[in-house]
Structures are given as C-alpha cells and as structure tokens.
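Enquirer: For reference, the structure I am asking about is given below.
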Amino acid sequence: MELLNYAFMQRALLAAVLVGVTAPAIGIYLVQRRQALMGDGIGHVAMTGVGLGFLLSWSPVWMATAVSVLGAVLMELIRWYGRTRGDIALAMLFYGGMAGGVLFTNLAPGGSNAGLISYLFGSLSTVSESDVTAILLLAAFVVLVTLGLRRQLFAVSQDEEFARVTGLPVRALNLLTAVTAAVTVTVAMRVVGLLLVSALMVVPVAAAQQLTRGFAATFALAVAIGVTVSIGGTVTSYYQDVPPGATIVLLTIGAFLALTALAAPLARRRARALAAARSADDPPECAVPAGTGKTGEVGGRPATGRAGTMARQGADARRQR
Amino acid sequence: MSGPVADTVTETVAALRGVHAERGARPVLRGVDLAVRRGEVVALLGANGSGKSTAVRALIGQVPVSAGGIELFGTPRSRFRDWARVGYVPQRTTAASGVPATVGEVVSSGRLSRARLGVLRRADRAAVTRALELVGLADRAKDSVNELSGGQHQRVLIARALAGEPELLIMDEPMAGVDLASQDVLARTLREQVADGTTVLLVLHEPGPLEPLIDRAVVLRDGRVLHDGPPPAAVGRHALPGHDHVHPHAPDDPDGAAQNRTGPLSRWNS
C-alpha cells in the first residue's frame with residue numbers, strides 16, 4: 001500500500017471514511033421521510049458558500065457550511081409555511097444557490113470556474129490539512145446527532161403526526177435533521193463533490209434495504225456500504241487518475257445492483273417461510289371470532305376444518321403465553 | 001372487574017367546548033361540544049365529512065381551531081405537556097415508511113412519550129413487549145412491518161400507542177380496512193384496556209365489533225353534534241358474550257342515526 005506513504009492520500013482516505021459514515025447516516029432519515037433529494041438541493045445551495053469563500057478569501061469549507069445550513073433551515077421553513085408554492089420556492093433556492101456559486105467564483109480575484117470544479121465533483125489532491133480538521137469536526141457532529149438521537153429521529157421520520165402527540169419537539173428535530181444534512185454535504189464536498197453528494201446519502205440506504213428488514217440493520221449496512229465504496233473509489237481514483245466522486249458514486253450504484261440481484265432469491269425464500277408461518281400462526285383470517293377473552297369462550301360458531309382448528313390452537317397458545 | 005370507580009367517573013379527561021374549525025373557507029366543525037370522562041368509552045360516529053376526524057385531531061392539536069376551548073386532563077390544550085397520558089392511533093393504512101422497520105422498532109417509538117431521551121430501560125422494553133403481546137404480535141417483533149397484512153398494520157399502530165401506557169387512548173378509525181381476525185384481536189385488546197381503567201375515544205364509521213364496549217356515542221353531522229348519549233343500541237361494556245342484550249333502537253333518535261348503525265349487532269350473542 002504505497003499510496004499510504006503520501007500525506008495527501010492519507011488525508012483523502014480519512015476524509016473518504018468520514019464521508020462514507022456520515023452521508024448514509026443522515027441519508028437514511030431523509031429516505032425514511034421521503035425527502036431523498038434534499039441533499040441534492042443543499043448541495044446546490046452550498047455552491048454559493050464556496051463562491052463566497054473564494055471571493056472573501058475565507059475557507060470555502062466553512063463558508064459552504066454556513067450557507068448550506070442557512071439554506072437547509074430555509075428549506076425546512078418553506079416546508080412548514082409554503083404549502084402550495086413550496087416546490088417553486090425550493091426550485092428558486094436551488095438554482096439561486098448554483099448561480100450564486102458561479103457568479104461569486106468568477107468575481108473572486110483570479111477566480112474561474114476551474115476552481116469550482118473540484119468542489120463540484122470532488123478531488124483527492126486538494127484535501128488540505130485545514131480541510132481535514134474541518135471535516136473531522138463536522139463529521140463528529142453528524143455522528144453524534146444521527147446516533148445519539150436515532151430513536152427520536154426515527155419516530156419523527158416515521159410518522160410526524162404521531163411523534164407530535166408523543167410530545168417530541170418535532171419542529172426542532174426537523175430543523176436539526178436539515179442542519180445535519182447540510183453539514184454532511186460540506187463533509188462530503190471535498191471528496192465526492194457537491195453535485196454527487198446526494199447519491200452517497202441515498203444509494204447506500206437503497207442498497208442496504210434490499211437485504212434488511214429493520215431500521216437498525218439498514219443503518220448499519222448502509223454505513224458499511226458507504227465506507228466500502230468511499231475507500232474503494234478513493235483508491236481507484238489514485239491508481240486510475242479518475243475523479244473520486246464519480247468513481248464512488250458508480251461503485252455505490254454497482255453495490256445497489258449487486259445486492260438487488262442477491263436479494264431476489266433471498267426474498268423468495270423468506271416469502272415461503274412467511275407463508276408457512278402465517279398459515280400456522282395467524283389463521284383467524286377465516287372469520288372465527290377467536291379468543292373473546294374474559295369468558296374463555298372460543299368463538300361463537302364452531303370452527304370448521306383444519307384452519308379453524310389451528311386458529312383455536314393459535315389463540316389458546318397466545319393466551320397461555 | 002376493577003373498572004372505573006364511582007368517584008372518579010366525574011373527572012373529565014378530554015373536552016371540546018363550542019369548537020369551530022375551518023378547512024380553507026369551509027367550516028368543518030361548527031360548535032362541537034364533547035366531554036370524555038375517566039373510564040368511559042366514547043365513540044364519535046358520523047358519515048364521511050361529518051367532522052369526526054377533525055374533532056379528535058383538534059383535540060390533540062393537529063388541526064387549528066378558530067373558536068372554542070379544548071382541555072386535556074383539565075389543562076387547556078395550549079398548556080398541556082403531559083403527552084405520556086395520551087395514546088394516539090392516527091388514521092393510517094400502513095405503519096411503513098421509506099425505510100424498512102421492524103414491528104418492534106415501530107412500537108418502541110411509542111415509548112418515547114415516557115423515555116424522552118430515547119434511552120429505553122428495562123421497564124420501557126417490558127412495556128413494549130406487553131403492548132406487542134396485547135395485540136398478539138409478540139412473535140412478529142423482529143419482522144418487517146412491510147410483511148404484515150392491513151389488519152396487522154393497524155395492530156402495530158395500536159401497540160405503538162399502548163407502549164406509552166396511556167390513560168386516554170384516542171383512535172381514529174381503528175377498524176378501517178381491517179380483516180375480521182384483526183378486528184377481533186382489536187376488540188379484545190380494547191376490552192382489556194378498558195378493564196384496566198383506560199379511557200377511550202374512538203372515531204368510528206360504524207360501531208361494528210366494538211359495539212359492546214361503547215358506553216356513549218356522539219354522532220356528528222355537518223360539524224354539529226346530532227346525538228350524545230347511550231349508543232342507540234345501548235349495551236355498555238359489560239355486555240360481554242353471555243349477557244342478555246337487547247337492542248332498543250331509540251325511538252327518539254332524531255333522524256335515523258340508529259339506522260346508520262346496524263353493524264353486526266348479533267355477533268356476540270348468536
């Protein structure tokens with residue numbers, strides 16, 4: 001592994017691992033609430049931050065963080081109050097963000113779109129030491145939120161109305177989700193690039209879903225896929241001299257296709273097992289008013305046939321437990 | 001049966017007083033009064049568009065109201081914070097979302113009303129298990145909700161509400177799209193909850209298999225209360241199978257609410 005001898009590759013690989021962890025970790029909540037494209041929108045808005053960074057000679061990473069957090073909060077506010085014209089407002093926000101990025105970059109002293117390109121599609125050699133520090137801090141925040149508040153975020157993303165009646169601070173949690181997604185975009189920006197960030201938030205989750213049945217399992221597998229493709233893409237990019245962002249995204253889609261192919265026979269076997277379990281265990285589909293409870297009486301009508309007998313056995317078994 | 005004791009019966013756990021609500025410019029609630037006392041099982045009945053769903057959603061703060069007062073456990077709703085006392089079963093046909101989740105994971109989210117920090121202790125896990133047992137899905141805890149039938153989805157949603165061990169259970173059309181087997185499980189679950197002293201407010205299209213449990217029916221029409229009293233086919237929760245029960249279709253029922261309520265009445269004593 002001679003590539004580890006280069007300081008720039010060490011930085012790039014560290015950044016890649018952090019991207020691989022954080023992007024699916026927040027992405028799973030976005031997919032769960034069916035806002036899979038939110039990361040894409042934030043990525044567009046972040047371009048203005050990068051442009052402002054160039055223009056003002058401040059760190060583009062921190063500027064992008066500030067602007068994309070603002071943008072994400074704005075998107076969340078539009079979702080609350082926008083209702084009918086919400087998607088038009090979002091469209092203006094996205095394209096405004098992209099246009100602002102190009103404009104500010106060109107206004108910057110000696111600025112050209114070439115500087116912007118590495119932020120759009122990712123680049124290995126440009127991950128500086130200060131970038132790594134920023135990425136580490138931001139990634140720590142993302143991990144803290146997505147793991148520490150996983151039950152709350154799960155509940156809110158699963159059923160917002162129910163979560164409100166549970167007494168959870170739904171608006172605060174929604175804002176936190178949006179802010180965390182924005183932070184993740186800037187974590188991933190240097191390696192994957194702003195235009196491809198969203199893929200790493202969504203596709204590993206979609207790939208993991210092909211095999212998993214639960215949320216925790218999906219979370220773990222999505223992160224594992226994210227880390228694997230990020231490292232794989234970064235290494236490939238070093239040897240083949242191709243942009244890391246594009247390589248990582250194509251690898252992720254490859255993982256999705258592979259797992260989908262793998263999942264089909266697995267799903268068939270599971271369906272068979274389930275059908276067997278269902279006919280043995282959950283039979284009262286045959287309209288036996290089983291288990292009227294307190295009176296200990298099983299149904300009003302005599303159960304007929306094999307299914308009916310099993311229904312009674314099932315109900316009795318349940319009562320005994 | 002350790003039902004509600006006489007001296008607590010008077011406590012009102014949920015109240016709407018002259019509540020008005022609009023959807024756009026169209027009035028949906030036009031001065032609805034509704035009081036649910038501790039230990040009662042109240043059914044909110046009415047046709048589609050009568051405002052019954054809006055009334056319960058106003059009660060829990062999911063629908064803005066333009067006039068009237070709302071109280072939960074004697075506290076004005078705007079100041080009410082003790083949500084662990086309320087269990088809510090929204091009107092849904094599915095418990096699934098964009099990402100797979102197990103039955104256990106979905107039901108556990110109902111416990112957040114008591115475990116606000118998201119740390120589930122042993123007592124919390126026990127409550128989740130109990131809720132799953134109540135709806136007969138304990139053996140499906142590790143299965144994906146995507147693999148369940150429609151009735152089982154509804155049972156998951158009810159278990160989720162029960163996981164918080166609420167004093168007041170509010171259910172919006174729990175029987176919609178539910179197969180017969182699950183209807184019976186739900187009726188039994190509800191009967192056990194009521195026996196333990198839980199107060200229940202149900203939105204129903206028709207009483208159906210829950211009829212023997214219902215103490216009082218409030219019938220809405222066009223956003224107004226049409227009838228508030230014993231269910232026209234008065235039975236009460238003690239009319240379990242084995243009891244004699246008669247169906248005195250109220251002769252004074254103003255305009256045929258009784259006729260709208262011909263569920264499978266004979267189900268329990270045939």
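Letters A, B, ... mark the chains of the structure tokens in the order given; residue numbers begin at 1 per chain; ligand numbers begin at 1, in order shown.
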Considering only C-alpha atoms, return as a list of chain:residue names whatever protein or nucleic-acid residues lie within 10 Å of A:Val142, sequence-local ones (same chain, fewer than 5 positions apart) excluded.
Expert: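 These residues fall inside the cut-off: A:Leu18, A:Val21, A:Thr22, A:Ala23, A:Ala25, A:Ile26, A:Leu136, A:Leu137, A:Leu147, A:Gly148, A:Thr177, A:Val179, A:Thr180, A:Ala181, A:Ala182, A:Val183, A:Thr184, A:Val187.
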Enquirer: Please build the interface table for chain B against chain A with a cut-off of 6 Å, listing for each qualifying residue the nearest atom pair and the distance in Å to one decimal; count only C-alpha atoms, order rows by chain and increasing number, and write it as a Markdown table.
Expert:
| residue | atom | partner | partner_atom | distance |
| --- | --- | --- | --- | --- |
| B:Trp83 | CA | A:Gly167 | CA | 5.3 |
| B:Ser97 | CA | A:Gln32 | CA | 5.7 |
| B:Gly98 | CA | A:Gln32 | CA | 4.1 |
| B:Val99 | CA | A:Gln32 | CA | 4.9 |
| B:Pro100 | CA | A:Gly214 | CA | 5.2 |
| B:Ala101 | CA | A:Gly214 | CA | 4.0 |
| B:Thr102 | CA | A:Gly214 | CA | 4.6 |
| B:Ser109 | CA | A:Ala155 | CA | 5.5 |
| B:Ser113 | CA | A:Thr166 | CA | 4.7 |
| B:Gly118 | CA | A:Arg151 | CA | 5.6 |
| B:Ser144 | CA | A:Arg213 | CA | 4.8 |
| B:Leu180 | CA | A:Ala287 | CA | 5.6 |
| B:Ala181 | CA | A:Pro284 | CA | 4.8 |
| B:Asp184 | CA | A:Pro289 | CA | 5.9 |
Enquirer: Could you pull the residues within 12 Å of A:Ser118, counting only C-alpha atoms, minus those fewer than 3 positions along the same chain, as a list in words?
Expert: Met47, Val50, Pro60, Ser112, Asn113, Ala114, Gly115, Phe121, Gly122, Ser123, Leu124, Ser125, Thr126, Val127, Met189, Arg190, Val191, Val192, Gly193, Leu194, Leu195, Leu196, Pro243, Pro244, Gly245 and Ala246 of chain A
Enquirer: Please dump the current selection as a PDB file, in the first residue's frame; keep C-alpha atoms.
Expert:
ATOM      1  CA  MET A  47     -22.118  26.340  -4.131  1.00  0.00           C
ATOM      2  CA  VAL A  50     -17.906  28.007  -1.901  1.00  0.00           C
ATOM      3  CA  PRO A  60     -14.644  27.597   1.311  1.00  0.00           C
ATOM      4  CA  SER A 112     -12.539  30.940 -12.649  1.00  0.00           C
ATOM      5  CA  ASN A 113     -14.898  28.030 -12.824  1.00  0.00           C
ATOM      6  CA  ALA A 114     -11.904  25.714 -12.816  1.00  0.00           C
ATOM      7  CA  GLY A 115     -11.535  26.322  -9.074  1.00  0.00           C
ATOM      8  CA  PHE A 121     -17.057  16.635  -8.426  1.00  0.00           C
ATOM      9  CA  GLY A 122     -14.537  16.069  -5.669  1.00  0.00           C
ATOM     10  CA  SER A 123     -10.794  15.827  -5.804  1.00  0.00           C
ATOM     11  CA  LEU A 124      -8.135  13.936  -3.881  1.00  0.00           C
ATOM     12  CA  SER A 125      -5.112  16.151  -4.138  1.00  0.00           C
ATOM     13  CA  THR A 126      -6.857  19.245  -2.880  1.00  0.00           C
ATOM     14  CA  VAL A 127      -7.910  17.991   0.551  1.00  0.00           C
ATOM     15  CA  MET A 189     -17.919  18.129  -0.616  1.00  0.00           C
ATOM     16  CA  ARG A 190     -14.131  17.746  -0.903  1.00  0.00           C
ATOM     17  CA  VAL A 191     -14.160  14.055  -1.754  1.00  0.00           C
ATOM     18  CA  VAL A 192     -17.430  13.352  -3.572  1.00  0.00           C
ATOM     19  CA  GLY A 193     -18.288  16.851  -4.730  1.00  0.00           C
ATOM     20  CA  LEU A 194     -21.422  18.934  -4.259  1.00  0.00           C
ATOM     21  CA  LEU A 195     -23.275  17.580  -7.270  1.00  0.00           C
ATOM     22  CA  LEU A 196     -22.794  13.946  -6.293  1.00  0.00           C
ATOM     23  CA  PRO A 243     -12.248  11.862 -10.243  1.00  0.00           C
ATOM     24  CA  PRO A 244     -13.040  10.199  -6.887  1.00  0.00           C
ATOM     25  CA  GLY A 245     -16.647  11.469  -6.688  1.00  0.00           C
ATOM     26  CA  ALA A 246     -17.733   9.852  -9.922  1.00  0.00           C
TER      27      ALA A 246
END
Enquirer: Using only C-alpha atoms, which of A:Leu107, A:Val185, A:Gly27, A:Val170 sits nearest A:Val45?
Expert: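 For A:Val45, the nearest of the given residues is A:Val185.
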Enquirer: Which residues are close to A:Ala258, i.e. within 12 Å by only C-alpha atoms, leaving aside same-chain residues fewer than 2 positions away? Reply as a list in words.
Expert: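 In the requested form, the answer reads Pro204, Ala206, Ala207, Ala208, Gln210, Leu211, Ile225, Leu251, Thr252, Ile253, Gly254, Ala255, Phe256, Thr260, Ala261, Leu262, Ala263 and Ala264 of chain A.
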